[in-house]
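Peer 1: Dropping a structure here in structure tokens format, bear with me for questions.
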Amino acid sequence: MEKVEKKCIVCERNEDQIPLVKFDYKQTYFWICPQHIPVIIHNPEQLEGKVSGAENFEAG
Ligand SMILES: [Zn+2]
């Protein structure tokens, strides 16, 4: 599993600045702050290029 920097993938704030939630996805994982969790739900296209496979979040 590749090393993932512990910071929100959207705003890049780290755990010293804001609580972070870990998301496991496929063979990797990423961190996101509670403020940006809605991005995953409503605007996953914003995560393309940040998380591999983000374009598939809406599948199913
Ligand atoms: Zn954030």
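Numbering starts fresh at 1 for the residues of each chain in the structure tokens, the chains themselves are lettered A, B, ... in the order given, and ligands are numbered from 1 as they appear.
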I need the alpha helix (DSSP H) residues of chain A per DSSP on the backbone, written as a ChimeraX atom specification.

Peer 2: /A:37-42

Peer 1: Please, which residues have at least one atom within 10 Å of an atom of ligand 1, using only C-alpha atoms and all ligand atoms, listed as a list of chain:residue names?

Peer 2: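 The residues near ligand 1 are A:Lys7, A:Cys8, A:Ile9, A:Val10, A:Cys11, A:Glu12, A:Arg13, A:Asn14, A:Ile18, A:Pro19, A:Leu20, A:Val21, A:Trp31, A:Ile32, A:Cys33, A:Pro34, A:Gln35, A:His36, A:Ile37, A:Val39.
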
Peer 1: List as an NGL selection string the protein and nucleic acid residues near Gln27 in chain A, meaning an atom at most 12 Å away when only C-alpha atoms are counted, but skip any in the same chain fewer than 3 places from it.

Peer 2: :A and (1-4 or 23-24 or 30 or 51-53)

Peer 1: Keeping only C-alpha atoms, take the residues you just selected and write them out as a JSON list (two decimals), in the first residue's frame.

Peer 2:
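Contents of again_25.json, freshly written:
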```
[["chain", "number", "residue", "atom", "x", "y", "z"],
["A", 1, "MET", "CA", 0.00, 0.00, 0.00],
["A", 2, "GLU", "CA", 1.47, 3.32, -1.02],
["A", 3, "LYS", "CA", 2.20, 6.00, 1.54],
["A", 4, "VAL", "CA", -0.49, 8.64, 1.65],
["A", 23, "PHE", "CA", -11.33, 6.47, 3.61],
["A", 24, "ASP", "CA", -10.15, 3.13, 2.34],
["A", 30, "PHE", "CA", -7.02, 8.84, 1.54],
["A", 51, "VAL", "CA", -7.69, 9.90, -5.83],
["A", 52, "SER", "CA", -7.24, 7.28, -8.50],
["A", 53, "GLY", "CA", -10.63, 5.93, -9.47]]
```

Peer 1: Rounded to one decimal in Å, what is the spacing between CA of Phe57 in chain A and CA of Pro44 in chain A?

Peer 2: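 Interatomic distance here is 6.5 Å.
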
Peer 1: Do you have the CA of Glu48 in chain A-CA of Tyr29 in chain A distance handy?

Peer 2: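 That distance, rounded to one decimal, is 14.2 Å.
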
Peer 1: Provide the CA of Lys26 in chain A to CA of Gln46 in chain A distance in Å, to one decimal place.

Peer 2: 18.3 Å

Peer 1: Check the DSSP output for the backbone and give back, as a PyMOL selection string, the residues of range 2-36 of chain A in strand (DSSP E or B).

Peer 2: chain A and resi 7-8+14+21-25+28-32

Peer 1: Write the residues of the preceding selection, restricted to N, CA and C atoms, as an mmCIF file, in the first residue's frame.

Peer 2:
```cif
data_model
loop_
_atom_site.group_PDB
_atom_site.id
_atom_site.type_symbol
_atom_site.label_atom_id
_atom_site.label_comp_id
_atom_site.auth_asym_id
_atom_site.auth_seq_id
_atom_site.Cartn_x
_atom_site.Cartn_y
_atom_site.Cartn_z
ATOM 1 N N LYS A 7 -3.354 14.380 5.106
ATOM 2 C CA LYS A 7 -3.952 15.701 4.990
ATOM 3 C C LYS A 7 -5.197 15.566 4.133
ATOM 4 N N CYS A 8 -6.108 16.509 4.288
ATOM 5 C CA CYS A 8 -7.330 16.477 3.492
ATOM 6 C C CYS A 8 -6.974 16.598 2.014
ATOM 7 N N ASN A 14 -3.932 19.583 7.591
ATOM 8 C CA ASN A 14 -3.505 18.352 8.237
ATOM 9 C C ASN A 14 -4.216 18.168 9.572
ATOM 10 N N VAL A 21 -10.733 12.207 8.462
ATOM 11 C CA VAL A 21 -11.386 10.908 8.365
ATOM 12 C C VAL A 21 -10.665 10.107 7.294
ATOM 13 N N LYS A 22 -10.361 8.859 7.616
ATOM 14 C CA LYS A 22 -9.678 8.008 6.648
ATOM 15 C C LYS A 22 -10.694 7.234 5.821
ATOM 16 N N PHE A 23 -10.517 7.254 4.519
ATOM 17 C CA PHE A 23 -11.333 6.470 3.610
ATOM 18 C C PHE A 23 -10.458 5.425 2.942
ATOM 19 N N ASP A 24 -10.828 4.184 3.088
ATOM 20 C CA ASP A 24 -10.152 3.134 2.341
ATOM 21 C C ASP A 24 -10.845 2.995 1.006
ATOM 22 N N TYR A 25 -10.048 2.922 -0.034
ATOM 23 C CA TYR A 25 -10.639 2.801 -1.363
ATOM 24 C C TYR A 25 -9.739 1.962 -2.245
ATOM 25 N N THR A 28 -5.880 1.468 -1.896
ATOM 26 C CA THR A 28 -5.224 2.564 -1.205
ATOM 27 C C THR A 28 -6.210 3.237 -0.257
ATOM 28 N N TYR A 29 -5.911 4.401 0.179
ATOM 29 C CA TYR A 29 -6.771 5.130 1.100
ATOM 30 C C TYR A 29 -6.447 6.609 0.971
ATOM 31 N N PHE A 30 -7.307 7.409 1.533
ATOM 32 C CA PHE A 30 -7.016 8.836 1.542
ATOM 33 C C PHE A 30 -7.659 9.452 2.775
ATOM 34 N N TRP A 31 -7.264 10.671 3.057
ATOM 35 C CA TRP A 31 -7.787 11.401 4.215
ATOM 36 C C TRP A 31 -8.622 12.568 3.728
ATOM 37 N N ILE A 32 -9.663 12.842 4.467
ATOM 38 C CA ILE A 32 -10.494 13.997 4.112
ATOM 39 C C ILE A 32 -11.083 14.574 5.392
#
```
